[in-house]
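**Q** Just passing along the structure, written as structure tokens.
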Amino acid sequence: MHRSRLSTLLIDAPVDDAPAAAGFWSAALGVPAVPVPDEEQFTSLPGAFPGLVVAVQAVDDAARYHLDIETDDVEAETERLLGLGARQVGRWLDCRVLRAPGGHLLCVIPLHSDPQEFQREARVWE
């Protein structure tokens, strides 16, 4: 048994465009753009969507959106999603990078939110 939940919407922008993208989304959504300490590729947009982390991520790739699924068992959640038709395309730190059917990017990430929030919002998988 493990738990997981949709936790993060990332607005991926090419490295050179990321500052402008963060400024745009901050103004468009009416929230501050806050650099994330020790993770310079991320600019948080707190309050953009209640209950969901929203951030701009500087990437060495094309502009896109991607989702993070937070879990208390990365291996089990990855296997569950692979069984649903996703395919693994990479790893980054303790995360698994997948493509869902249709080509959308998603990451399976270790638990990082407030434990009470995770407990309240996560689904249980057998």
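Letters A, B, ... go to the chains of the structure tokens in the order shown; residues in each chain start at 1; ligands are counted from 1 in the same order.
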I'd like to know which residues of chain A are alpha helix (DSSP H) (by DSSP, run on the backbone); could you write them as a PyMOL selection string?

**A** chain A and resi 18-29+74-83+115-121

**Q** Selected residues, N, CA, C and O atoms, written as a short mmCIF file (atom, residue, chain, number, x, y, z; two decimals), in the first residue's frame, please.

**A**
```
data_model
loop_
_atom_site.label_atom_id
_atom_site.label_comp_id
_atom_site.auth_asym_id
_atom_site.auth_seq_id
_atom_site.Cartn_x
_atom_site.Cartn_y
_atom_site.Cartn_z
N ALA A 18 13.29 31.89 -18.93
CA ALA A 18 12.67 31.64 -17.63
C ALA A 18 12.39 32.90 -16.82
O ALA A 18 11.29 33.03 -16.25
N PRO A 19 13.31 33.88 -16.74
CA PRO A 19 12.99 35.09 -15.97
C PRO A 19 11.76 35.83 -16.54
O PRO A 19 10.89 36.27 -15.77
N ALA A 20 11.68 35.96 -17.85
CA ALA A 20 10.53 36.62 -18.45
C ALA A 20 9.26 35.80 -18.22
O ALA A 20 8.19 36.37 -17.96
N ALA A 21 9.37 34.48 -18.31
CA ALA A 21 8.20 33.63 -18.06
C ALA A 21 7.72 33.78 -16.62
O ALA A 21 6.51 33.90 -16.37
N ALA A 22 8.64 33.80 -15.67
CA ALA A 22 8.26 33.98 -14.27
C ALA A 22 7.58 35.32 -14.06
O ALA A 22 6.56 35.41 -13.37
N GLY A 23 8.12 36.37 -14.66
CA GLY A 23 7.49 37.69 -14.56
C GLY A 23 6.11 37.72 -15.17
O GLY A 23 5.17 38.29 -14.60
N PHE A 24 5.97 37.09 -16.34
CA PHE A 24 4.66 37.04 -17.00
C PHE A 24 3.64 36.32 -16.13
O PHE A 24 2.54 36.83 -15.87
N TRP A 25 3.97 35.10 -15.69
CA TRP A 25 3.01 34.31 -14.93
C TRP A 25 2.71 34.94 -13.57
O TRP A 25 1.57 34.86 -13.09
N SER A 26 3.67 35.58 -12.98
CA SER A 26 3.44 36.29 -11.72
C SER A 26 2.39 37.38 -11.93
O SER A 26 1.41 37.48 -11.19
N ALA A 27 2.57 38.18 -12.97
CA ALA A 27 1.62 39.27 -13.25
C ALA A 27 0.28 38.72 -13.72
O ALA A 27 -0.78 39.21 -13.30
N ALA A 28 0.29 37.70 -14.56
CA ALA A 28 -0.96 37.15 -15.10
C ALA A 28 -1.82 36.53 -14.00
O ALA A 28 -3.04 36.63 -14.04
N LEU A 29 -1.18 35.89 -13.02
CA LEU A 29 -1.91 35.21 -11.96
C LEU A 29 -2.08 36.07 -10.71
O LEU A 29 -2.77 35.66 -9.78
N VAL A 74 8.14 6.06 -4.13
CA VAL A 74 8.42 6.40 -5.53
C VAL A 74 8.40 5.16 -6.42
O VAL A 74 7.83 5.18 -7.52
N GLU A 75 8.99 4.06 -5.96
CA GLU A 75 9.04 2.85 -6.78
C GLU A 75 7.64 2.30 -7.04
O GLU A 75 7.29 1.96 -8.18
N ALA A 76 6.82 2.20 -5.99
CA ALA A 76 5.47 1.66 -6.16
C ALA A 76 4.61 2.55 -7.04
O ALA A 76 3.88 2.07 -7.90
N GLU A 77 4.70 3.86 -6.86
CA GLU A 77 3.90 4.78 -7.69
C GLU A 77 4.36 4.75 -9.14
O GLU A 77 3.55 4.77 -10.06
N THR A 78 5.67 4.68 -9.35
CA THR A 78 6.19 4.57 -10.71
C THR A 78 5.65 3.31 -11.38
O THR A 78 5.17 3.35 -12.51
N GLU A 79 5.71 2.19 -10.69
CA GLU A 79 5.20 0.93 -11.23
C GLU A 79 3.71 1.02 -11.52
O GLU A 79 3.23 0.50 -12.54
N ARG A 80 2.95 1.67 -10.64
CA ARG A 80 1.52 1.82 -10.86
C ARG A 80 1.25 2.59 -12.15
O ARG A 80 0.44 2.19 -12.99
N LEU A 81 1.98 3.69 -12.34
CA LEU A 81 1.78 4.52 -13.53
C LEU A 81 2.28 3.83 -14.80
O LEU A 81 1.66 3.95 -15.86
N LEU A 82 3.37 3.08 -14.69
CA LEU A 82 3.84 2.30 -15.85
C LEU A 82 2.77 1.27 -16.25
O LEU A 82 2.52 1.05 -17.43
N GLY A 83 2.14 0.68 -15.26
CA GLY A 83 1.07 -0.28 -15.52
C GLY A 83 -0.14 0.34 -16.19
O GLY A 83 -0.91 -0.35 -16.86
N PRO A 115 3.29 16.93 6.00
CA PRO A 115 2.76 15.57 6.18
C PRO A 115 1.25 15.52 6.42
O PRO A 115 0.58 14.62 5.93
N GLN A 116 0.72 16.50 7.15
CA GLN A 116 -0.73 16.51 7.39
C GLN A 116 -1.50 16.80 6.10
O GLN A 116 -2.54 16.20 5.84
N GLU A 117 -0.99 17.72 5.28
CA GLU A 117 -1.61 18.02 4.01
C GLU A 117 -1.57 16.79 3.11
O GLU A 117 -2.57 16.43 2.47
N PHE A 118 -0.43 16.14 3.04
CA PHE A 118 -0.30 14.93 2.23
C PHE A 118 -1.29 13.86 2.70
O PHE A 118 -2.00 13.27 1.90
N GLN A 119 -1.33 13.62 3.99
CA GLN A 119 -2.23 12.61 4.56
C GLN A 119 -3.69 12.92 4.21
O GLN A 119 -4.45 12.02 3.87
N ARG A 120 -4.06 14.18 4.25
CA ARG A 120 -5.43 14.60 3.98
C ARG A 120 -5.80 14.47 2.50
O ARG A 120 -6.92 14.09 2.16
N GLU A 121 -4.84 14.76 1.59
CA GLU A 121 -5.16 14.87 0.18
C GLU A 121 -4.75 13.66 -0.66
O GLU A 121 -5.25 13.49 -1.77
#
```

**Q** Please build the interface table for range 33-71 of chain A against range 91-104 of chain A with a cut-off of 12 Å, listing for each qualifying residue the nearest atom pair and the distance in Å to one decimal; count only C-alpha atoms, order rows by chain and increasing number, and write it as JSON lines.

**A**
```
{"residue": "A:Arg64", "atom": "CA", "partner": "A:His104", "partner_atom": "CA", "distance": 9.1}
{"residue": "A:Tyr65", "atom": "CA", "partner": "A:His104", "partner_atom": "CA", "distance": 8.3}
{"residue": "A:His66", "atom": "CA", "partner": "A:His104", "partner_atom": "CA", "distance": 7.1}
{"residue": "A:Leu67", "atom": "CA", "partner": "A:His104", "partner_atom": "CA", "distance": 8.7}
{"residue": "A:Asp68", "atom": "CA", "partner": "A:Val97", "partner_atom": "CA", "distance": 9.2}
{"residue": "A:Ile69", "atom": "CA", "partner": "A:Cys95", "partner_atom": "CA", "distance": 9.8}
{"residue": "A:Glu70", "atom": "CA", "partner": "A:Cys95", "partner_atom": "CA", "distance": 9.5}
{"residue": "A:Thr71", "atom": "CA", "partner": "A:Cys95", "partner_atom": "CA", "distance": 10.2}
```

**Q** For Glu39 in chain A, work out the shell of residues within 12 Å, counting only C-alpha atoms and skipping chain neighbours fewer than 2 positions away, then give it as JSON, numbers by chain.

**A** {"A": [34, 35, 36, 37, 41, 42, 43, 44, 55, 56, 57, 58]}

**Q** Could you work out how far CA of Asp17 in chain A lies from CA of Pro32 in chain A, giving the answer in Å with one decimal?

**A** 17.8 Å

**Q** One decimal, Å: what's the distance from CA of Arg123 in chain A over to CA of Cys107 in chain A, could you say?

**A**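 Distance reported for this atom pair: 16.8 Å.
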
**Q** Going by DSSP on the backbone, which residues of chain A come out as strand (DSSP E or B)? List them as a ChimeraX atom specification.

**A** /A:2-14,34-35,42-44,49,52-59,64-71,87-92,95-99,105-110,123-125

**Q** Kindly export the residues of the current selection with C-alpha atoms, as a short mmCIF file (atom, residue, chain, number, x, y, z; two decimals), in the first residue's frame.

**A**
```cif
data_model
loop_
_atom_site.label_atom_id
_atom_site.label_comp_id
_atom_site.auth_asym_id
_atom_site.auth_seq_id
_atom_site.Cartn_x
_atom_site.Cartn_y
_atom_site.Cartn_z
CA HIS A 2 1.20 3.50 -0.80
CA ARG A 3 -0.20 7.00 -1.17
CA SER A 4 0.15 9.64 -3.86
CA ARG A 5 -1.33 12.95 -4.95
CA LEU A 6 -0.98 15.56 -7.65
CA SER A 7 1.23 18.15 -5.97
CA THR A 8 2.88 20.45 -8.50
CA LEU A 9 2.27 22.22 -11.80
CA LEU A 10 5.55 23.28 -13.38
CA ILE A 11 5.73 25.81 -16.17
CA ASP A 12 8.93 24.76 -17.92
CA ALA A 13 10.67 27.51 -19.88
CA PRO A 14 14.01 27.50 -21.70
CA VAL A 34 9.73 33.96 -5.46
CA PRO A 35 13.13 32.38 -6.20
CA PHE A 42 12.80 27.20 -9.84
CA THR A 43 10.74 30.36 -9.27
CA SER A 44 7.73 29.70 -7.08
CA PHE A 49 -3.63 27.60 -7.22
CA LEU A 52 -1.01 22.98 -5.56
CA VAL A 53 2.59 24.12 -5.88
CA VAL A 54 2.96 26.22 -9.04
CA ALA A 55 6.41 27.26 -10.25
CA VAL A 56 8.40 28.24 -13.32
CA GLN A 57 11.30 25.89 -13.98
CA ALA A 58 14.25 26.83 -16.18
CA VAL A 59 15.01 23.87 -18.47
CA ARG A 64 5.97 22.96 -21.81
CA TYR A 65 3.92 22.28 -18.70
CA HIS A 66 4.44 19.23 -16.55
CA LEU A 67 2.94 17.73 -13.43
CA ASP A 68 4.53 16.21 -10.36
CA ILE A 69 2.90 13.38 -8.47
CA GLU A 70 4.12 13.25 -4.89
CA THR A 71 4.25 9.88 -3.16
CA ARG A 87 6.80 4.99 -19.90
CA GLN A 88 9.87 6.02 -17.97
CA VAL A 89 12.13 8.42 -19.87
CA GLY A 90 14.61 9.41 -17.18
CA ARG A 91 15.58 10.03 -13.58
CA TRP A 92 16.47 13.20 -11.74
CA CYS A 95 12.51 11.40 -9.00
CA ARG A 96 11.30 9.36 -11.96
CA VAL A 97 10.49 11.16 -15.20
CA LEU A 98 7.64 9.61 -17.17
CA ARG A 99 5.62 10.25 -20.31
CA LEU A 105 5.58 14.75 -19.11
CA LEU A 106 5.16 13.97 -15.42
CA CYS A 107 7.49 13.30 -12.55
CA VAL A 108 7.03 10.97 -9.61
CA ILE A 109 8.63 12.70 -6.64
CA PRO A 110 9.24 11.76 -3.01
CA ARG A 123 -5.13 8.68 -2.40
CA VAL A 124 -4.33 5.22 -1.08
CA TRP A 125 -3.28 2.56 -3.61
#
```
